>>> print(open('data.cif').read())   # mmCIF, C-alpha atoms
data_run
#
loop_
_atom_site.label_atom_id
_atom_site.label_comp_id
_atom_site.auth_asym_id
_atom_site.auth_seq_id
_atom_site.Cartn_x
_atom_site.Cartn_y
_atom_site.Cartn_z
CA MET K 1 70.74 259.73 38.87
CA ASN K 2 71.99 262.51 41.13
CA THR K 3 70.42 265.91 40.68
CA TYR K 4 72.07 269.16 41.67
CA LYS K 5 70.66 272.38 43.01
CA SER K 6 72.98 275.37 42.98
CA ILE K 7 72.52 278.50 45.05
CA ASN K 8 74.04 281.27 42.91
CA ILE K 9 74.10 284.25 45.26
CA LEU K 10 76.83 286.83 45.68
CA ALA K 11 78.95 285.96 48.70
CA ILE K 12 78.30 289.18 50.52
CA THR K 13 74.54 288.89 50.01
CA LEU K 14 74.62 285.30 51.16
CA GLY K 15 76.47 286.26 54.31
CA LEU K 16 74.09 289.05 55.20
CA ALA K 17 71.02 286.99 54.43
CA LEU K 18 71.98 283.80 56.20
CA TYR K 19 74.41 284.65 58.96
CA GLY K 20 72.33 285.13 62.08
CA CYS K 21 69.06 284.36 60.30
CA SER K 22 66.99 281.21 60.33
CA SER K 23 64.67 279.71 57.79
CA SER K 24 61.01 279.53 58.71
CA SER K 25 60.64 276.20 56.92
CA THR K 26 58.79 273.67 59.05
CA THR K 27 56.96 270.40 58.55
CA THR K 28 53.31 270.56 59.56
CA PRO K 29 51.78 267.34 60.93
CA SER K 30 48.78 266.06 59.05
CA SER K 31 45.44 266.58 60.69
CA GLY K 32 44.73 264.06 63.40
CA GLY K 33 48.20 262.49 63.47
CA THR K 34 51.91 262.99 63.92
CA THR K 35 54.72 262.85 61.40
CA THR K 36 57.23 260.03 61.43
CA PRO K 37 60.87 261.17 61.79
CA THR K 38 62.90 260.71 58.61
CA PRO K 39 66.56 259.82 59.29
CA ALA K 40 69.06 261.17 56.78
CA SER K 41 72.78 261.16 56.01
CA TYR K 42 74.69 263.98 54.36
CA GLU K 43 78.05 264.36 52.64
CA ILE K 44 79.40 267.86 53.27
CA THR K 45 82.34 269.02 51.14
CA LEU K 46 84.14 272.28 51.90
CA THR K 47 86.57 273.86 49.44
CA ASN K 48 88.99 276.66 50.31
CA LEU K 49 88.69 279.38 47.64
CA THR K 50 91.46 281.67 48.96
CA GLY K 51 94.97 282.07 47.57
CA ALA K 52 96.99 281.79 50.79
CA GLN K 53 94.62 281.59 53.75
CA ALA K 54 94.45 278.21 55.46
CA ILE K 55 91.06 277.61 57.08
CA ALA K 56 91.35 276.17 60.60
CA PRO K 57 89.33 273.02 61.38
CA VAL K 58 85.72 273.91 60.71
CA ALA K 59 82.69 273.52 62.94
CA VAL K 60 79.65 272.08 61.12
CA VAL K 61 76.29 272.03 62.90
CA LEU K 62 73.00 270.51 61.69
CA HIS K 63 70.04 271.95 63.55
CA THR K 64 66.54 273.37 63.42
CA SER K 65 65.57 277.03 63.63
CA GLY K 66 66.24 277.51 67.33
CA TYR K 67 70.05 277.57 67.03
CA ASN K 68 72.53 280.12 65.72
CA MET K 69 76.29 280.55 66.04
CA GLY K 70 76.09 284.32 66.24
CA MET K 71 74.37 287.35 64.73
CA LEU K 72 75.66 290.35 62.81
CA GLY K 73 75.87 293.39 65.05
CA THR K 74 75.91 291.41 68.29
CA SER K 75 78.74 290.41 70.61
CA ALA K 76 80.43 287.11 69.76
CA SER K 77 80.16 284.34 72.32
CA LEU K 78 83.33 283.09 74.00
CA ALA K 79 83.08 279.92 71.91
CA LEU K 80 82.93 281.90 68.67
CA GLU K 81 85.76 284.16 69.87
CA LYS K 82 87.98 281.11 70.43
CA LEU K 83 87.19 279.85 66.95
CA ALA K 84 87.70 283.24 65.28
CA GLU K 85 90.94 284.18 67.08
CA GLY K 86 92.66 280.83 67.57
CA GLY K 87 90.94 278.41 65.20
CA ASP K 88 89.71 276.31 68.12
CA ASN K 89 86.31 274.76 67.36
CA VAL K 90 86.03 272.56 70.47
CA MET K 91 83.97 274.87 72.68
CA LEU K 92 81.62 275.88 69.87
CA LEU K 93 80.93 272.24 68.99
CA SER K 94 80.46 271.33 72.64
CA GLU K 95 77.93 274.10 73.20
CA ALA K 96 76.14 273.19 69.97
CA ASN K 97 75.83 269.56 71.06
CA ALA K 98 74.18 270.70 74.29
CA HIS K 99 71.62 272.87 72.48
CA ALA K 100 68.08 271.49 72.22
CA SER K 101 67.74 272.49 68.55
CA VAL K 102 70.94 270.76 67.40
CA LEU K 103 70.68 267.29 65.92
CA THR K 104 74.37 266.67 65.34
CA SER K 105 77.69 268.41 64.78
CA VAL K 106 81.04 267.50 63.31
CA GLY K 107 84.48 269.10 63.37
CA GLY K 108 87.02 269.21 60.58
CA ALA K 109 89.95 266.81 60.81
CA GLY K 110 92.48 269.55 60.12
CA ALA K 111 93.11 272.83 58.37
CA ILE K 112 91.80 273.18 54.82
CA MET K 113 94.65 274.56 52.76
CA PRO K 114 94.15 276.91 49.79
CA ALA K 115 92.47 275.15 46.84
CA ALA K 116 92.03 271.99 48.94
CA SER K 117 88.79 270.33 50.04
CA GLU K 118 87.56 268.31 52.98
CA THR K 119 84.53 266.03 53.04
CA LEU K 120 82.64 265.31 56.25
CA MET K 121 79.74 262.98 56.92
CA ALA K 122 76.79 263.76 59.19
CA ASN K 123 73.77 261.70 60.20
CA VAL K 124 70.52 263.01 61.69
CA THR K 125 67.51 261.26 63.14
CA ASP K 126 65.06 263.58 61.36
CA SER K 127 65.44 265.84 58.33
CA ALA K 128 62.31 267.92 59.01
CA GLY K 129 63.20 271.63 59.23
CA LEU K 130 66.91 270.79 58.97
CA GLN K 131 69.43 273.61 58.59
CA LEU K 132 73.21 273.74 58.19
CA SER K 133 75.62 276.17 59.84
CA VAL K 134 79.40 276.26 59.31
CA ALA K 135 82.29 278.35 60.66
CA GLY K 136 86.06 278.25 60.29
CA MET K 137 88.88 280.73 61.00
CA LEU K 138 91.11 282.27 58.36
CA VAL K 139 94.37 281.68 60.23
CA ASN K 140 96.24 284.62 58.73
CA THR K 141 93.87 287.12 60.32
CA ASN K 142 93.33 288.34 63.88
CA ASP K 143 89.71 287.24 64.25
CA GLY K 144 88.38 286.62 60.77
CA PHE K 145 86.21 283.60 60.06
CA ALA K 146 84.18 282.25 57.16
CA ALA K 147 80.63 281.39 58.15
CA LEU K 148 77.22 280.33 56.96
CA GLN K 149 74.20 280.32 59.25
CA GLY K 150 70.94 278.45 58.80
CA LEU K 151 71.06 277.07 55.24
CA ASP K 152 67.83 275.11 54.75
CA ILE K 153 68.62 271.58 53.55
CA SER K 154 65.36 269.99 54.67
CA THR K 155 63.98 269.59 51.14
CA LEU K 156 66.94 267.67 49.69
CA ALA K 157 65.92 264.26 48.40
CA VAL K 158 68.28 261.30 48.45
CA GLY K 159 70.88 261.85 45.72
CA GLU K 160 70.28 265.61 45.51
CA SER K 161 72.92 268.25 46.22
CA THR K 162 72.94 271.94 46.96
CA SER K 163 75.77 274.44 47.34
CA ALA K 164 76.49 277.74 49.02
CA PHE K 165 79.38 280.14 49.56
CA LEU K 166 80.75 281.37 52.89
CA ALA K 167 81.58 285.05 53.31
CA VAL K 168 84.22 286.25 55.79
CA PHE K 169 83.24 287.92 59.05
CA ASP K 170 85.11 289.81 61.76
CA ALA K 171 84.32 288.62 65.29
CA GLY K 172 85.01 292.11 66.66
CA THR K 173 86.96 290.64 69.58
CA GLU K 174 90.58 291.37 68.59
CA ALA K 175 91.99 294.46 66.91
CA ASN K 176 93.16 293.80 63.35
CA THR K 177 96.78 294.71 64.00
CA GLU K 178 98.07 291.93 61.71
CA THR K 179 101.19 291.55 63.85
CA ALA K 180 102.82 288.14 63.60
CA ALA K 181 102.52 287.68 67.36
CA THR K 182 98.72 287.88 67.25
CA MET K 183 97.85 285.49 64.41
CA PRO K 184 98.14 281.69 64.59
CA GLY K 185 99.04 281.43 60.92
CA THR K 186 102.21 283.42 61.52
CA GLY K 187 103.14 281.60 64.74
CA GLY K 188 101.28 283.96 67.06
CA THR K 189 99.29 283.21 70.19
CA GLY K 190 95.84 283.21 68.60
CA PHE K 191 93.16 283.45 71.28
CA ASP K 192 93.47 286.31 73.78
CA ALA K 193 90.79 286.70 76.45
CA VAL K 194 91.17 290.49 76.35
CA ARG K 195 88.76 292.06 73.86
CA ASP K 196 90.05 295.23 72.22
CA ASP K 197 88.05 295.67 69.02
CA THR K 198 84.54 296.83 68.07
CA GLY K 199 82.74 294.33 70.28
CA PHE K 200 80.32 293.16 67.58
CA ILE K 201 80.31 290.77 64.62
CA SER K 202 80.60 292.44 61.21
CA ILE K 203 81.56 291.75 57.61
CA HIS K 204 85.37 291.51 57.42
CA ARG K 205 86.99 294.42 55.61
CA GLY K 206 90.05 292.46 54.53
CA VAL K 207 93.73 292.70 55.44
CA VAL K 208 96.21 295.48 54.69
CA THR K 209 99.60 293.63 54.67
CA VAL K 210 103.16 294.91 54.71
CA ASP K 211 103.12 295.18 50.92
CA ASP K 212 100.46 297.88 51.14
CA GLY K 213 102.31 299.98 53.68
CA LEU K 214 101.49 298.49 57.10
CA ALA K 215 105.07 298.08 58.26
CA THR K 216 104.15 296.11 61.40
CA SER K 217 102.02 293.57 59.52
CA GLY K 218 103.08 289.93 59.47
CA LEU K 219 101.13 289.42 56.25
CA MET K 220 102.06 289.78 52.60
CA ASP K 221 100.07 290.57 49.51
CA LYS K 222 99.32 286.87 48.96
CA HIS K 223 97.34 286.75 52.22
CA ARG K 224 94.66 289.09 50.92
CA PHE K 225 91.32 287.44 50.26
CA ASP K 226 88.08 288.12 48.46
CA ASN K 227 84.60 286.91 49.31
CA PRO K 228 83.65 284.13 49.28
CA ALA K 229 86.39 282.21 51.12
CA LEU K 230 84.77 278.77 51.24
CA LYS K 231 82.36 276.81 49.10
CA VAL K 232 80.20 274.11 50.65
CA VAL K 233 78.42 271.36 48.75
CA ILE K 234 75.86 269.26 50.65
CA ARG K 235 74.68 265.97 49.16
CA ARG K 236 72.03 263.84 50.76
CA VAL K 237 73.30 260.28 50.76
CA SER K 238 70.34 258.50 52.39
#
>>> encode(input="data.cif", output="structure tokens")
Amino acid sequence: MNTYKSINILAITLGLALYGCSSSSTTTPSSGGTTTPTPASYEITLTNLTGAQAIAPVAVVLHTSGYNMGMLGTSASLALEKLAEGGDNVMLLSEANAHASVLTSVGGAGAIMPAASETLMANVTDSAGLQLSVAGMLVNTNDGFAALQGLDISTLAVGESTSAFLAVFDAGTEANTETAATMPGTGGTGFDAVRDDTGFISIHRGVVTVDDGLATSGLMDKHRFDNPALKVVIRRVS
């Protein structure tokens, strides 16, 4: 029988606690010997909780404590900037795969539309100290992305599940002008190498939209969003 563990934490608290932080959970070898790696397979289901924000193809990374996608208050990497501004996860996944602490990564097959879900499969050679990180752009923003960093899934037994919610962050790389020309969801260019915002990752403050008086905005009231933007359910299959 499957059992289910639910993490019931407010989205904003979850984001602050997990984004840019790593669990200290480790497996200690028994005295006089070494531990045997335990291969594992996981089913990862992501559900878009927004009303009208498509989530660009996500980047999912399974790793140990030495890896992070980014940290609150620090400058976003170029790879994270490309994901947050243009929805392009290729560089972030490539850099993750080259990192010594990453066991595997997987990219979404396409955008996750509002109220829709996508299920991905991931296999690792060892579940000891295993953590999950996820990121995906909200396409009707300048550089907003939903993210979760370092969720500890190392204790999941076969058949068990756990869940978490992804808050929305601002990469701080592109000013939140909301003009149609600067957002991929409205036909804009997406990624721009020029950085003209705060320069650091922060909690996203939401969008204004034309319906609330920003005449130059390419967004409408329906594009507003609350935290959390995504729900992730992880089930250990084997």
>>> closest_atom_pairs(input="data.cif", of="stretch 136-233 of chain K", to="stretch 62-86 of chain K", cutoff="10 Å", atoms="only C-alpha atoms", output="Markdown table")
| residue | atom | partner | partner_atom | distance |
| --- | --- | --- | --- | --- |
| K:Gly136 | CA | K:Leu83 | CA | 6.9 |
| K:Met137 | CA | K:Ala84 | CA | 5.1 |
| K:Leu138 | CA | K:Ala84 | CA | 7.8 |
| K:Val139 | CA | K:Gly86 | CA | 7.6 |
| K:Asn140 | CA | K:Glu85 | CA | 9.9 |
| K:Thr141 | CA | K:Glu85 | CA | 7.9 |
| K:Asn142 | CA | K:Glu85 | CA | 5.8 |
| K:Asp143 | CA | K:Glu85 | CA | 4.3 |
| K:Gly144 | CA | K:Ala84 | CA | 5.7 |
| K:Phe145 | CA | K:Ala84 | CA | 5.4 |
| K:Ala146 | CA | K:Ala84 | CA | 8.9 |
| K:Ala147 | CA | K:Met69 | CA | 9.0 |
| K:Leu148 | CA | K:Met69 | CA | 9.1 |
| K:Gln149 | CA | K:Asn68 | CA | 6.7 |
| K:Gly150 | CA | K:Asn68 | CA | 7.3 |
| K:Leu151 | CA | K:Leu62 | CA | 9.4 |
| K:Asp152 | CA | K:Thr64 | CA | 8.9 |
| K:Ile153 | CA | K:Leu62 | CA | 9.3 |
| K:Ser154 | CA | K:Thr64 | CA | 9.5 |
| K:Phe169 | CA | K:Leu72 | CA | 8.8 |
| K:Asp170 | CA | K:Ala84 | CA | 7.9 |
| K:Ala171 | CA | K:Ala76 | CA | 6.1 |
| K:Gly172 | CA | K:Ala76 | CA | 7.5 |
| K:Thr173 | CA | K:Glu81 | CA | 6.6 |
| K:Glu174 | CA | K:Glu85 | CA | 7.4 |
| K:Thr182 | CA | K:Glu85 | CA | 8.6 |
| K:Met183 | CA | K:Glu85 | CA | 7.5 |
| K:Pro184 | CA | K:Gly86 | CA | 6.3 |
| K:Gly185 | CA | K:Gly86 | CA | 9.2 |
| K:Gly188 | CA | K:Gly86 | CA | 9.2 |
| K:Thr189 | CA | K:Gly86 | CA | 7.5 |
| K:Gly190 | CA | K:Gly86 | CA | 4.1 |
| K:Phe191 | CA | K:Gly86 | CA | 4.6 |
| K:Asp192 | CA | K:Glu85 | CA | 7.5 |
| K:Ala193 | CA | K:Leu78 | CA | 8.6 |
| K:Arg195 | CA | K:Glu81 | CA | 9.3 |
| K:Thr198 | CA | K:Ser75 | CA | 9.0 |
| K:Gly199 | CA | K:Ser75 | CA | 5.6 |
| K:Phe200 | CA | K:Ser75 | CA | 4.4 |
| K:Ile201 | CA | K:Leu72 | CA | 5.0 |
| K:Ser202 | CA | K:Leu72 | CA | 5.6 |
| K:Ile203 | CA | K:Leu72 | CA | 8.0 |
>>> closest_residue(input="data.cif", among="K:Ala181, K:Gly87, K:Met121, K:Ala135", to="K:Ser41", atoms="only C-alpha atoms")
K:Met121
>>> residues_around(input="data.cif", residues="stretch 233-237 of chain K", least_positions_apart="3", cutoff="6 Å", atoms="all atoms listed in the file", output="PyMOL selection string")
chain K and resi 41-45+158-163
>>> resolve_selection(input="data.cif", expression="the PyMOL selection byres ((chain K and resi 118) around 7)", output="list in words")
Thr45, Leu46, Thr47, Ile112, Ser117, Thr119 and Leu120 of chain K
>>> write_last_selection(input="data.cif", atoms="C-alpha atoms", output="PDB file, in the frame of the given file")
ATOM      1  CA  THR K  45      82.340 269.020  51.140  1.00  0.00           C
ATOM      2  CA  LEU K  46      84.140 272.280  51.900  1.00  0.00           C
ATOM      3  CA  THR K  47      86.570 273.860  49.440  1.00  0.00           C
ATOM      4  CA  ILE K 112      91.800 273.180  54.820  1.00  0.00           C
ATOM      5  CA  SER K 117      88.790 270.330  50.040  1.00  0.00           C
ATOM      6  CA  THR K 119      84.530 266.030  53.040  1.00  0.00           C
ATOM      7  CA  LEU K 120      82.640 265.310  56.250  1.00  0.00           C
TER       8      LEU K 120
END
>>> closest_residue(input="data.cif", among="K:Gly108, K:Pro39, K:Gly206, K:Gly129", to="K:Gln53", atoms="only C-alpha atoms")
K:Gly206
>>> closest_residue(input="data.cif", among="K:Ala122, K:Ala180, K:Leu130, K:Ala164", to="K:Ser217", atoms="all atoms listed in the file")
K:Ala180
>>> axis_aligned_box(input="data.cif", around="stretch 77-95 of chain K", padding_each_side="6 Å", output="JSON")
{"center_x": 85.3, "center_y": 277.8, "center_z": 69.6, "size_x": 26.7, "size_y": 25.0, "size_z": 20.8}
>>> closest_residue(input="data.cif", among="K:Val134, K:Ser238, K:Asp221, K:Thr35", to="K:Gly107", atoms="all atoms listed in the file")
K:Val134
>>> residues_near_point(input="data.cif", point="(90.4, 274.0, 60.1)", cutoff="6 Å", atoms="all atoms listed in the file", output="NGL selection string")
:K and (55-58 or 108 or 110-112)
>>> resolve_selection(input="data.cif", expression="the PyMOL selection byres ((chain K and resi 61) around 8)", output="PDB file with C-alpha atoms, keeping the file's coordinate frame")
ATOM      1  CA  ALA K  59      82.690 273.520  62.940  1.00  0.00           C
ATOM      2  CA  VAL K  60      79.650 272.080  61.120  1.00  0.00           C
ATOM      3  CA  LEU K  62      73.000 270.510  61.690  1.00  0.00           C
ATOM      4  CA  HIS K  63      70.040 271.950  63.550  1.00  0.00           C
ATOM      5  CA  LEU K  93      80.930 272.240  68.990  1.00  0.00           C
ATOM      6  CA  ALA K  96      76.140 273.190  69.970  1.00  0.00           C
ATOM      7  CA  VAL K 102      70.940 270.760  67.400  1.00  0.00           C
ATOM      8  CA  LEU K 103      70.680 267.290  65.920  1.00  0.00           C
ATOM      9  CA  THR K 104      74.370 266.670  65.340  1.00  0.00           C
ATOM     10  CA  SER K 105      77.690 268.410  64.780  1.00  0.00           C
ATOM     11  CA  VAL K 106      81.040 267.500  63.310  1.00  0.00           C
ATOM     12  CA  LEU K 132      73.210 273.740  58.190  1.00  0.00           C
ATOM     13  CA  SER K 133      75.620 276.170  59.840  1.00  0.00           C
ATOM     14  CA  VAL K 134      79.400 276.260  59.310  1.00  0.00           C
TER      15      VAL K 134
END
>>> atom_distance(input="data.cif", atom1="atom CA of K:Met220", atom2="atom CA of K:Ala175")
18.1 Å
>>> closest_residue(input="data.cif", among="K:Ser101, K:Ser127, K:Asn89, K:Thr177", to="K:Thr155", atoms="all atoms listed in the file")
K:Ser127
>>> atom_distance(input="data.cif", atom1="atom CA of K:Asp197", atom2="atom CA of K:Lys222")
24.6 Å
>>> atom_distance(input="data.cif", atom1="atom CA of K:Asn123", atom2="atom CA of K:Ala157")
14.4 Å
>>> closest_residue(input="data.cif", among="K:Ala115, K:Val90, K:Ala100, K:Ala229", to="K:Leu166", atoms="only C-alpha atoms")
K:Ala229
